[in-house]
Each structure stands twice: as C-alpha cells, then as structure tokens.
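Quick look at upload30.cif (mmCIF, C-alpha atoms, pLDDT in the B column; chains and numbers go by the auth columns):
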```cif
data_my_file
#
loop_
_atom_site.group_PDB
_atom_site.id
_atom_site.type_symbol
_atom_site.label_atom_id
_atom_site.label_comp_id
_atom_site.label_asym_id
_atom_site.label_seq_id
_atom_site.Cartn_x
_atom_site.Cartn_y
_atom_site.Cartn_z
_atom_site.B_iso_or_equiv
_atom_site.auth_seq_id
_atom_site.auth_asym_id
ATOM 1 C CA VAL A 1 -12.220 -7.319 -6.444 88.00 1 A
ATOM 2 C CA GLN A 2 -12.453 -3.537 -6.509 93.00 2 A
ATOM 3 C CA LEU A 3 -9.984 -1.355 -4.631 95.00 3 A
ATOM 4 C CA GLN A 4 -10.399 2.259 -3.614 94.00 4 A
ATOM 5 C CA ALA A 5 -7.301 4.046 -2.335 95.00 5 A
ATOM 6 C CA SER A 6 -7.368 7.368 -0.516 96.00 6 A
ATOM 7 C CA GLY A 7 -5.372 9.550 1.844 97.00 7 A
ATOM 8 C CA GLY A 8 -2.698 10.975 -0.407 96.00 8 A
ATOM 9 C CA GLY A 9 -1.732 14.623 -0.476 97.00 9 A
ATOM 10 C CA LEU A 10 0.998 17.201 -0.129 97.00 10 A
ATOM 11 C CA VAL A 11 3.143 17.049 3.006 98.00 11 A
ATOM 12 C CA GLN A 12 6.374 18.624 4.130 98.00 12 A
ATOM 13 C CA PRO A 13 9.503 16.537 4.689 98.00 13 A
ATOM 14 C CA GLY A 14 9.329 14.893 8.092 98.00 14 A
ATOM 15 C CA GLY A 15 5.547 14.851 8.033 98.00 15 A
ATOM 16 C CA SER A 16 3.087 11.972 8.106 98.00 16 A
ATOM 17 C CA LEU A 17 0.239 10.607 6.027 98.00 17 A
ATOM 18 C CA ARG A 18 -2.006 7.586 6.335 98.00 18 A
ATOM 19 C CA LEU A 19 -3.222 5.872 3.194 98.00 19 A
ATOM 20 C CA SER A 20 -6.304 3.666 3.145 98.00 20 A
ATOM 21 C CA CYS A 21 -7.428 1.071 0.653 96.00 21 A
ATOM 22 C CA ALA A 22 -10.927 -0.371 0.854 95.00 22 A
ATOM 23 C CA ALA A 23 -11.608 -3.636 -0.931 93.00 23 A
ATOM 24 C CA SER A 24 -15.002 -4.816 -2.154 90.00 24 A
ATOM 25 C CA GLY A 25 -16.318 -7.673 -4.228 87.00 25 A
ATOM 26 C CA ARG A 26 -14.783 -11.164 -4.003 80.00 26 A
ATOM 27 C CA THR A 27 -12.619 -10.333 -1.006 79.00 27 A
ATOM 28 C CA PHE A 28 -13.018 -13.794 0.538 77.00 28 A
ATOM 29 C CA SER A 29 -10.268 -15.057 -1.766 83.00 29 A
ATOM 30 C CA THR A 30 -7.723 -12.460 -0.624 85.00 30 A
ATOM 31 C CA TYR A 31 -4.366 -13.911 0.397 90.00 31 A
ATOM 32 C CA GLU A 32 -2.346 -10.742 0.685 93.00 32 A
ATOM 33 C CA MET A 33 -2.711 -6.999 0.196 94.00 33 A
ATOM 34 C CA GLY A 34 0.136 -4.741 -0.722 96.00 34 A
ATOM 35 C CA TRP A 35 1.190 -1.199 -1.396 98.00 35 A
ATOM 36 C CA PHE A 36 3.363 -0.193 -4.315 98.00 36 A
ATOM 37 C CA ARG A 37 4.525 3.192 -5.549 98.00 37 A
ATOM 38 C CA GLN A 38 5.740 4.756 -8.751 98.00 38 A
ATOM 39 C CA ALA A 39 7.794 7.912 -8.916 95.00 39 A
ATOM 40 C CA PRO A 40 7.920 10.012 -12.102 90.00 40 A
ATOM 41 C CA GLY A 41 10.204 8.385 -14.640 93.00 41 A
ATOM 42 C CA LYS A 42 10.743 5.293 -12.507 96.00 42 A
ATOM 43 C CA GLU A 43 9.366 1.803 -12.401 97.00 43 A
ATOM 44 C CA ARG A 44 6.759 0.781 -9.891 97.00 44 A
ATOM 45 C CA GLU A 45 8.289 -0.610 -6.716 97.00 45 A
ATOM 46 C CA PHE A 46 7.104 -2.664 -3.777 98.00 46 A
ATOM 47 C CA VAL A 47 6.493 -0.807 -0.517 98.00 47 A
ATOM 48 C CA ALA A 48 4.792 -3.188 1.922 98.00 48 A
ATOM 49 C CA ALA A 49 2.484 -6.186 2.130 97.00 49 A
ATOM 50 C CA ILE A 50 0.342 -7.933 4.719 96.00 50 A
ATOM 51 C CA ARG A 51 -1.183 -11.405 4.818 93.00 51 A
ATOM 52 C CA TRP A 52 -4.946 -11.268 5.190 88.00 52 A
ATOM 53 C CA SER A 53 -4.965 -14.280 7.506 87.00 53 A
ATOM 54 C CA GLY A 54 -2.439 -14.162 10.297 82.00 54 A
ATOM 55 C CA GLY A 55 -1.273 -10.630 9.604 83.00 55 A
ATOM 56 C CA GLY A 56 2.299 -11.442 8.659 93.00 56 A
ATOM 57 C CA ARG A 57 3.836 -8.431 6.960 95.00 57 A
ATOM 58 C CA ASN A 58 6.970 -7.158 5.296 95.00 58 A
ATOM 59 C CA HIS A 59 8.260 -3.763 4.277 98.00 59 A
ATOM 60 C CA ALA A 60 10.775 -2.607 1.710 98.00 60 A
ATOM 61 C CA ASP A 61 14.149 -1.687 3.174 97.00 61 A
ATOM 62 C CA SER A 62 13.700 1.902 2.004 97.00 62 A
ATOM 63 C CA VAL A 63 10.674 2.390 4.277 98.00 63 A
ATOM 64 C CA LYS A 64 11.450 0.144 7.256 97.00 64 A
ATOM 65 C CA GLY A 65 11.130 2.003 10.519 97.00 65 A
ATOM 66 C CA ARG A 66 9.109 4.785 8.868 98.00 66 A
ATOM 67 C CA PHE A 67 6.111 3.081 7.223 98.00 67 A
ATOM 68 C CA THR A 68 3.765 0.530 8.758 98.00 68 A
ATOM 69 C CA ILE A 69 1.170 -1.548 6.951 97.00 69 A
ATOM 70 C CA SER A 70 -1.886 -2.756 8.861 96.00 70 A
ATOM 71 C CA ARG A 71 -5.324 -4.143 8.125 94.00 71 A
ATOM 72 C CA ASP A 72 -8.876 -4.183 9.413 92.00 72 A
ATOM 73 C CA ASN A 73 -10.443 -7.425 8.257 88.00 73 A
ATOM 74 C CA ALA A 74 -13.932 -6.384 9.345 90.00 74 A
ATOM 75 C CA LYS A 75 -13.741 -3.350 7.056 92.00 75 A
ATOM 76 C CA ASN A 76 -11.783 -5.100 4.273 91.00 76 A
ATOM 77 C CA THR A 77 -9.361 -2.227 4.481 94.00 77 A
ATOM 78 C CA VAL A 78 -5.596 -1.990 4.515 95.00 78 A
ATOM 79 C CA TYR A 79 -3.675 1.040 5.747 97.00 79 A
ATOM 80 C CA LEU A 80 -0.213 2.450 5.219 98.00 80 A
ATOM 81 C CA GLN A 81 0.970 4.742 7.982 98.00 81 A
ATOM 82 C CA MET A 82 3.821 6.844 6.629 98.00 82 A
ATOM 83 C CA ASN A 83 5.992 8.807 9.046 98.00 83 A
ATOM 84 C CA SER A 84 9.204 10.800 8.617 98.00 84 A
ATOM 85 C CA LEU A 85 8.392 11.308 4.964 98.00 85 A
ATOM 86 C CA LYS A 86 11.173 12.218 2.574 97.00 86 A
ATOM 87 C CA PRO A 87 11.063 13.860 -0.866 96.00 87 A
ATOM 88 C CA GLU A 88 12.069 10.530 -2.385 96.00 88 A
ATOM 89 C CA ASP A 89 8.822 9.040 -1.086 97.00 89 A
ATOM 90 C CA THR A 90 6.960 11.148 -3.651 97.00 90 A
ATOM 91 C CA GLY A 91 4.933 9.176 -6.150 98.00 91 A
ATOM 92 C CA VAL A 92 1.629 7.539 -6.921 98.00 92 A
ATOM 93 C CA TYR A 93 0.791 4.876 -4.373 98.00 93 A
ATOM 94 C CA TYR A 94 -1.209 1.853 -5.449 98.00 94 A
ATOM 95 C CA CYS A 95 -2.834 -0.854 -3.384 97.00 95 A
ATOM 96 C CA ALA A 96 -3.167 -4.338 -4.762 96.00 96 A
ATOM 97 C CA VAL A 97 -4.574 -7.739 -3.916 94.00 97 A
ATOM 98 C CA ARG A 98 -3.051 -11.157 -4.412 93.00 98 A
ATOM 99 C CA SER A 99 -5.651 -13.904 -4.343 90.00 99 A
ATOM 100 C CA VAL A 100 -5.270 -17.345 -2.843 88.00 100 A
ATOM 101 C CA GLY A 101 -3.403 -19.576 -5.265 89.00 101 A
ATOM 102 C CA ASP A 102 -2.016 -16.721 -7.336 89.00 102 A
ATOM 103 C CA SER A 103 1.686 -15.924 -7.546 89.00 103 A
ATOM 104 C CA GLN A 104 1.212 -12.292 -8.492 93.00 104 A
ATOM 105 C CA TYR A 105 -1.029 -9.381 -7.607 95.00 105 A
ATOM 106 C CA GLY A 106 -4.061 -9.494 -9.851 92.00 106 A
ATOM 107 C CA TYR A 107 -6.158 -6.563 -8.681 94.00 107 A
ATOM 108 C CA TRP A 108 -5.029 -2.957 -8.501 96.00 108 A
ATOM 109 C CA GLY A 109 -6.525 0.264 -7.216 94.00 109 A
ATOM 110 C CA GLN A 110 -6.481 3.556 -9.069 93.00 110 A
ATOM 111 C CA GLY A 111 -3.611 5.087 -7.094 93.00 111 A
ATOM 112 C CA THR A 112 -3.317 8.077 -4.821 97.00 112 A
ATOM 113 C CA GLN A 113 -0.705 10.824 -5.192 97.00 113 A
ATOM 114 C CA VAL A 114 1.746 11.498 -2.395 98.00 114 A
ATOM 115 C CA THR A 115 3.965 14.557 -2.720 98.00 115 A
ATOM 116 C CA VAL A 116 6.636 15.339 -0.153 97.00 116 A
ATOM 117 C CA SER A 117 7.946 18.834 -0.644 96.00 117 A
ATOM 118 C CA SER A 118 8.691 21.996 1.271 94.00 118 A
#
```

Encoded form (structure tokens):
Amino acid sequence: VQLQASGGGLVQPGGSLRLSCAASGRTFSTYEMGWFRQAPGKEREFVAAIRWSGGGRNHADSVKGRFTISRDNAKNTVYLQMNSLKPEDTGVYYCAVRSVGDSQYGYWGQGTQVTVSS
C-alpha cells in the first residue's frame, strides 16, 4: 500500500486546514486508516482513526470537537478536517493504514507539515 498525504501548510491560530491521504496498491485489505502527528522533540502521537468498513471512528482527546476524520471509499482517500487550530497542533502529520488481521499500522505516508503560528 502506498500513501500520499497532502494539505499541510502555515495557518494562524483559530484557522482551519484539511489534510488528505490517498491510498493506492493493495487497498482491499485495509481495515483502518489513521492520522498521527509528531511535534519537534516529541514522540509521534495518535490523532484519529476510521474503520474502512462501517466508518466507525475515534479521535484523541486533544482534538475532539476540533478535528474530524472522514473517508471516501470510492477514492481510497481519508481526510482530516482541522478547525480551531492551536499552536500546539504544529507538527508533521502522517497517515497510516492498518490491514485486516494486523494489530498495528504497517503502512505509512511521507508526512505533511502543519504549522500553526501568528
């Protein structure tokens, strides 16, 4: 599975961005897609995830009410709508795929930079 993330950029606090992640290759085995982020000097952390079948989703407490993950199965694409952005949301955002039968995410995109600053 290959993943291509896009949509990052520089935004002021309180602004919005929408990230996209297009999957290609052996996508038929996708169980779940997720977004993670890594701030400078910090470990990578979970942001949100969505089940490919059924659409069940969950979000990290730090982004609940501000970020929303969604998917378009026909386009093999997952989105992360980010509203009310804060400086602490700054980091590199990665999308990832967990395949059916796997307990961890096995495929990762290249990351897209999000910077929230005035």

Counting all atoms listed in the file, select every polymer residue within 9 Å of (10.5, 12.2, -2.0) as defined in the file's coordinates, and provide the selection as a PDB file with C-alpha atoms, in the coordinates of the input.
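Saved file result_26.pdb follows:
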```
ATOM      1  CA  PRO A  13       9.503  16.537   4.689  1.00 98.00           C
ATOM      2  CA  ALA A  39       7.794   7.912  -8.916  1.00 95.00           C
ATOM      3  CA  LEU A  85       8.392  11.308   4.964  1.00 98.00           C
ATOM      4  CA  LYS A  86      11.173  12.218   2.574  1.00 97.00           C
ATOM      5  CA  PRO A  87      11.063  13.860  -0.866  1.00 96.00           C
ATOM      6  CA  GLU A  88      12.069  10.530  -2.385  1.00 96.00           C
ATOM      7  CA  ASP A  89       8.822   9.040  -1.086  1.00 97.00           C
ATOM      8  CA  THR A  90       6.960  11.148  -3.651  1.00 97.00           C
ATOM      9  CA  GLY A  91       4.933   9.176  -6.150  1.00 98.00           C
ATOM     10  CA  VAL A 114       1.746  11.498  -2.395  1.00 98.00           C
ATOM     11  CA  THR A 115       3.965  14.557  -2.720  1.00 98.00           C
ATOM     12  CA  VAL A 116       6.636  15.339  -0.153  1.00 97.00           C
ATOM     13  CA  SER A 117       7.946  18.834  -0.644  1.00 96.00           C
TER      14      SER A 117
END
```

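Pairwise distance (atom CA of A:Val1, atom CA of A:Thr112) equals 17.9 Å.
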
Selection under test: the PyMOL selection byres ((chain A and resi 41-45) around 12); residues as an mmCIF file with C-alpha atoms, in the frame of the given file:
```
data_model
loop_
_atom_site.group_PDB
_atom_site.id
_atom_site.type_symbol
_atom_site.label_atom_id
_atom_site.label_comp_id
_atom_site.auth_asym_id
_atom_site.auth_seq_id
_atom_site.Cartn_x
_atom_site.Cartn_y
_atom_site.Cartn_z
ATOM 1 C CA GLY A 34 0.136 -4.741 -0.722
ATOM 2 C CA TRP A 35 1.190 -1.199 -1.396
ATOM 3 C CA PHE A 36 3.363 -0.193 -4.315
ATOM 4 C CA ARG A 37 4.525 3.192 -5.549
ATOM 5 C CA GLN A 38 5.740 4.756 -8.751
ATOM 6 C CA ALA A 39 7.794 7.912 -8.916
ATOM 7 C CA PRO A 40 7.920 10.012 -12.102
ATOM 8 C CA PHE A 46 7.104 -2.664 -3.777
ATOM 9 C CA VAL A 47 6.493 -0.807 -0.517
ATOM 10 C CA ALA A 48 4.792 -3.188 1.922
ATOM 11 C CA ALA A 49 2.484 -6.186 2.130
ATOM 12 C CA HIS A 59 8.260 -3.763 4.277
ATOM 13 C CA ALA A 60 10.775 -2.607 1.710
ATOM 14 C CA ASP A 61 14.149 -1.687 3.174
ATOM 15 C CA SER A 62 13.700 1.902 2.004
ATOM 16 C CA VAL A 63 10.674 2.390 4.277
ATOM 17 C CA GLU A 88 12.069 10.530 -2.385
ATOM 18 C CA ASP A 89 8.822 9.040 -1.086
ATOM 19 C CA THR A 90 6.960 11.148 -3.651
ATOM 20 C CA GLY A 91 4.933 9.176 -6.150
ATOM 21 C CA VAL A 92 1.629 7.539 -6.921
ATOM 22 C CA TYR A 93 0.791 4.876 -4.373
ATOM 23 C CA TYR A 94 -1.209 1.853 -5.449
ATOM 24 C CA CYS A 95 -2.834 -0.854 -3.384
ATOM 25 C CA GLY A 111 -3.611 5.087 -7.094
#
```

Any chance you could resolve the PyMOL selection byres ((chain A and resi 7) around 10) against this file and give the residues as a PDB file with C-alpha atoms, in the frame of the given file?
```pdb
ATOM      1  CA  ALA A   5      -7.301   4.046  -2.335  1.00 95.00           C
ATOM      2  CA  SER A   6      -7.368   7.368  -0.516  1.00 96.00           C
ATOM      3  CA  GLY A   8      -2.698  10.975  -0.407  1.00 96.00           C
ATOM      4  CA  GLY A   9      -1.732  14.623  -0.476  1.00 97.00           C
ATOM      5  CA  LEU A  17       0.239  10.607   6.027  1.00 98.00           C
ATOM      6  CA  ARG A  18      -2.006   7.586   6.335  1.00 98.00           C
ATOM      7  CA  LEU A  19      -3.222   5.872   3.194  1.00 98.00           C
ATOM      8  CA  SER A  20      -6.304   3.666   3.145  1.00 98.00           C
ATOM      9  CA  CYS A  21      -7.428   1.071   0.653  1.00 96.00           C
ATOM     10  CA  TYR A  79      -3.675   1.040   5.747  1.00 97.00           C
ATOM     11  CA  LEU A  80      -0.213   2.450   5.219  1.00 98.00           C
ATOM     12  CA  TYR A  93       0.791   4.876  -4.373  1.00 98.00           C
ATOM     13  CA  THR A 112      -3.317   8.077  -4.821  1.00 97.00           C
ATOM     14  CA  GLN A 113      -0.705  10.824  -5.192  1.00 97.00           C
ATOM     15  CA  VAL A 114       1.746  11.498  -2.395  1.00 98.00           C
TER      16      VAL A 114
END
```

### Query
For this file, the PyMOL selection byres ((chain A and resi 52) around 8) selects which residues, as number ranges by chain?
A: 30-33, 50-51, 53-55, 71, 73

With C-alpha atoms kept, could you save the residues just selected as a compact mmCIF listing (two decimals), keeping the file's coordinate frame?
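Output contents, as saved in again_2.txt:
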```txt
# COMPACT_ATOMS: atom_id res chain seq x y z
CA THR A 30 -7.72 -12.46 -0.62
CA TYR A 31 -4.37 -13.91 0.40
CA GLU A 32 -2.35 -10.74 0.68
CA MET A 33 -2.71 -7.00 0.20
CA ILE A 50 0.34 -7.93 4.72
CA ARG A 51 -1.18 -11.40 4.82
CA SER A 53 -4.96 -14.28 7.51
CA GLY A 54 -2.44 -14.16 10.30
CA GLY A 55 -1.27 -10.63 9.60
CA ARG A 71 -5.32 -4.14 8.12
CA ASN A 73 -10.44 -7.42 8.26
```

### Query
What is the distance, in Å and to one decimal place, between atom CA of A:Gln12 and atom CA of A:Gly65?
18.4 Å

#### Entry: Best match for closeness to A:Phe67 among A:Ser16, A:Gln110, A:Ser99, A:Gln104, counting all atoms listed in the file
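Closest candidate: A:Ser16.
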
### Task
Identify which of the residues A:Arg57, A:Val97, A:Ser103, A:Gly14 lies closest to A:Thr77, counting all atoms listed in the file when measuring atom-to-atom distances.
A:Val97

Step by step, gather every atom of stretch 28-42 of chain A that the file lists, find the box along x, y and z that holds them, add 3 Å on each side, and finally give centre and edge lengths in Å to one decimal, as AutoDock Vina command-line options.
```
--center_x -1.1 --center_y -2.5 --center_z -7.0 --size_x 29.8 --size_y 31.1 --size_z 21.3
```

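Of note, atom CA of A:Asn58 and atom CA of A:Tyr105 are spaced 15.3 Å apart.
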
### Task
Identify which of the residues A:Leu10, A:Met82, A:Ala96, A:Leu3 lies closest to A:Ile69, counting all atoms listed in the file when measuring atom-to-atom distances.
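Nearest candidate to A:Ile69 out of A:Leu10, A:Met82, A:Ala96, A:Leu3: A:Met82.
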
### Message
Considering only C-alpha atoms, can you say which of A:Gly15, A:Thr68, A:Gly101, A:Lys75 comes closest to A:Thr27?
### Response
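Smallest separation from A:Thr27 among the options: A:Lys75.
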
Will you give me stretch 86-117 of chain A, written with N, CA, C and O atoms and laid out as an mmCIF file, in the first residue's frame?
```cif
data_model
loop_
_atom_site.group_PDB
_atom_site.id
_atom_site.type_symbol
_atom_site.label_atom_id
_atom_site.label_comp_id
_atom_site.auth_asym_id
_atom_site.auth_seq_id
_atom_site.Cartn_x
_atom_site.Cartn_y
_atom_site.Cartn_z
ATOM 1 N N LYS A 86 -4.570 25.281 16.995
ATOM 2 C CA LYS A 86 -3.794 25.880 18.059
ATOM 3 C C LYS A 86 -2.299 25.705 17.751
ATOM 4 O O LYS A 86 -1.924 24.781 17.028
ATOM 5 N N PRO A 87 -1.448 26.537 18.317
ATOM 6 C CA PRO A 87 -0.010 26.354 18.091
ATOM 7 C C PRO A 87 0.478 24.956 18.465
ATOM 8 O O PRO A 87 1.385 24.425 17.813
ATOM 9 N N GLU A 88 -0.119 24.361 19.466
ATOM 10 C CA GLU A 88 0.299 23.018 19.877
ATOM 11 C C GLU A 88 -0.110 21.928 18.895
ATOM 12 O O GLU A 88 0.268 20.775 19.068
ATOM 13 N N ASP A 89 -0.873 22.281 17.876
ATOM 14 C CA ASP A 89 -1.197 21.326 16.819
ATOM 15 C C ASP A 89 -0.084 21.257 15.766
ATOM 16 O O ASP A 89 -0.134 20.427 14.854
ATOM 17 N N THR A 90 0.906 22.103 15.894
ATOM 18 C CA THR A 90 2.021 22.119 14.946
ATOM 19 C C THR A 90 2.782 20.804 14.951
ATOM 20 O O THR A 90 3.041 20.242 16.015
ATOM 21 N N GLY A 91 3.109 20.320 13.763
ATOM 22 C CA GLY A 91 3.885 19.102 13.653
ATOM 23 C C GLY A 91 3.780 18.517 12.259
ATOM 24 O O GLY A 91 3.109 19.080 11.390
ATOM 25 N N VAL A 92 4.433 17.396 12.076
ATOM 26 C CA VAL A 92 4.303 16.642 10.832
ATOM 27 C C VAL A 92 3.189 15.628 11.022
ATOM 28 O O VAL A 92 3.212 14.856 11.982
ATOM 29 N N TYR A 93 2.245 15.643 10.113
ATOM 30 C CA TYR A 93 1.098 14.749 10.178
ATOM 31 C C TYR A 93 1.290 13.606 9.201
ATOM 32 O O TYR A 93 1.586 13.822 8.012
ATOM 33 N N TYR A 94 1.105 12.401 9.713
ATOM 34 C CA TYR A 94 1.279 11.187 8.921
ATOM 35 C C TYR A 94 -0.028 10.420 8.841
ATOM 36 O O TYR A 94 -0.750 10.307 9.842
ATOM 37 N N CYS A 95 -0.322 9.879 7.671
ATOM 38 C CA CYS A 95 -1.433 8.940 7.569
ATOM 39 C C CYS A 95 -0.860 7.524 7.534
ATOM 40 O O CYS A 95 0.298 7.322 7.143
ATOM 41 N N ALA A 96 -1.685 6.594 7.964
ATOM 42 C CA ALA A 96 -1.220 5.217 8.061
ATOM 43 C C ALA A 96 -2.376 4.261 7.839
ATOM 44 O O ALA A 96 -3.545 4.622 8.024
ATOM 45 N N VAL A 97 -2.029 3.054 7.467
ATOM 46 C CA VAL A 97 -3.015 2.006 7.205
ATOM 47 C C VAL A 97 -2.744 0.794 8.089
ATOM 48 O O VAL A 97 -1.596 0.360 8.234
ATOM 49 N N ARG A 98 -3.817 0.288 8.667
ATOM 50 C CA ARG A 98 -3.735 -0.994 9.380
ATOM 51 C C ARG A 98 -4.529 -1.991 8.547
ATOM 52 O O ARG A 98 -5.703 -1.778 8.242
ATOM 53 N N SER A 99 -3.869 -3.084 8.191
ATOM 54 C CA SER A 99 -4.510 -4.085 7.341
ATOM 55 C C SER A 99 -5.321 -5.060 8.160
ATOM 56 O O SER A 99 -5.099 -5.214 9.365
ATOM 57 N N VAL A 100 -6.237 -5.729 7.505
ATOM 58 C CA VAL A 100 -7.051 -6.754 8.152
ATOM 59 C C VAL A 100 -6.138 -7.810 8.752
ATOM 60 O O VAL A 100 -5.233 -8.308 8.084
ATOM 61 N N GLY A 101 -6.378 -8.133 10.021
ATOM 62 C CA GLY A 101 -5.592 -9.153 10.691
ATOM 63 C C GLY A 101 -4.344 -8.640 11.389
ATOM 64 O O GLY A 101 -3.693 -9.393 12.117
ATOM 65 N N ASP A 102 -3.997 -7.398 11.156
ATOM 66 C CA ASP A 102 -2.812 -6.821 11.784
ATOM 67 C C ASP A 102 -3.197 -6.042 13.042
ATOM 68 O O ASP A 102 -4.260 -5.427 13.099
ATOM 69 N N SER A 103 -2.325 -6.057 14.029
ATOM 70 C CA SER A 103 -2.597 -5.349 15.274
ATOM 71 C C SER A 103 -2.008 -3.943 15.274
ATOM 72 O O SER A 103 -2.346 -3.134 16.142
ATOM 73 N N GLN A 104 -1.141 -3.672 14.321
ATOM 74 C CA GLN A 104 -0.513 -2.356 14.266
ATOM 75 C C GLN A 104 -0.581 -1.797 12.844
ATOM 76 O O GLN A 104 -0.842 -2.522 11.886
ATOM 77 N N TYR A 105 -0.338 -0.506 12.739
ATOM 78 C CA TYR A 105 -0.277 0.135 11.435
ATOM 79 C C TYR A 105 1.008 -0.280 10.727
ATOM 80 O O TYR A 105 2.096 -0.132 11.281
ATOM 81 N N GLY A 106 0.845 -0.778 9.501
ATOM 82 C CA GLY A 106 2.004 -1.292 8.788
ATOM 83 C C GLY A 106 2.455 -0.452 7.611
ATOM 84 O O GLY A 106 3.551 -0.680 7.085
ATOM 85 N N TYR A 107 1.636 0.494 7.205
ATOM 86 C CA TYR A 107 1.967 1.334 6.056
ATOM 87 C C TYR A 107 1.842 2.797 6.469
ATOM 88 O O TYR A 107 0.842 3.186 7.097
ATOM 89 N N TRP A 108 2.833 3.581 6.072
ATOM 90 C CA TRP A 108 2.875 4.983 6.472
ATOM 91 C C TRP A 108 3.141 5.879 5.268
ATOM 92 O O TRP A 108 3.925 5.522 4.380
ATOM 93 N N GLY A 109 2.504 7.053 5.280
ATOM 94 C CA GLY A 109 2.784 8.041 4.258
ATOM 95 C C GLY A 109 4.008 8.862 4.621
ATOM 96 O O GLY A 109 4.616 8.665 5.679
ATOM 97 N N GLN A 110 4.349 9.800 3.768
ATOM 98 C CA GLN A 110 5.584 10.556 3.934
ATOM 99 C C GLN A 110 5.439 11.723 4.898
ATOM 100 O O GLN A 110 6.440 12.294 5.309
ATOM 101 N N GLY A 111 4.230 12.092 5.261
ATOM 102 C CA GLY A 111 4.021 13.186 6.197
ATOM 103 C C GLY A 111 3.812 14.515 5.504
ATOM 104 O O GLY A 111 4.357 14.755 4.420
ATOM 105 N N THR A 112 3.032 15.358 6.152
ATOM 106 C CA THR A 112 2.807 16.710 5.643
ATOM 107 C C THR A 112 2.889 17.674 6.829
ATOM 108 O O THR A 112 2.359 17.405 7.898
ATOM 109 N N GLN A 113 3.593 18.772 6.638
ATOM 110 C CA GLN A 113 3.867 19.712 7.733
ATOM 111 C C GLN A 113 2.681 20.637 7.958
ATOM 112 O O GLN A 113 2.159 21.249 7.008
ATOM 113 N N VAL A 114 2.300 20.739 9.228
ATOM 114 C CA VAL A 114 1.279 21.702 9.640
ATOM 115 C C VAL A 114 1.919 22.642 10.653
ATOM 116 O O VAL A 114 2.468 22.187 11.657
ATOM 117 N N THR A 115 1.861 23.931 10.378
ATOM 118 C CA THR A 115 2.421 24.925 11.283
ATOM 119 C C THR A 115 1.337 25.932 11.637
ATOM 120 O O THR A 115 0.746 26.550 10.741
ATOM 121 N N VAL A 116 1.083 26.051 12.930
ATOM 122 C CA VAL A 116 0.072 26.993 13.413
ATOM 123 C C VAL A 116 0.807 28.105 14.154
ATOM 124 O O VAL A 116 1.371 27.891 15.229
ATOM 125 N N SER A 117 0.801 29.273 13.549
ATOM 126 C CA SER A 117 1.567 30.376 14.112
ATOM 127 C C SER A 117 1.026 31.697 13.599
ATOM 128 O O SER A 117 0.550 31.787 12.464
#
```
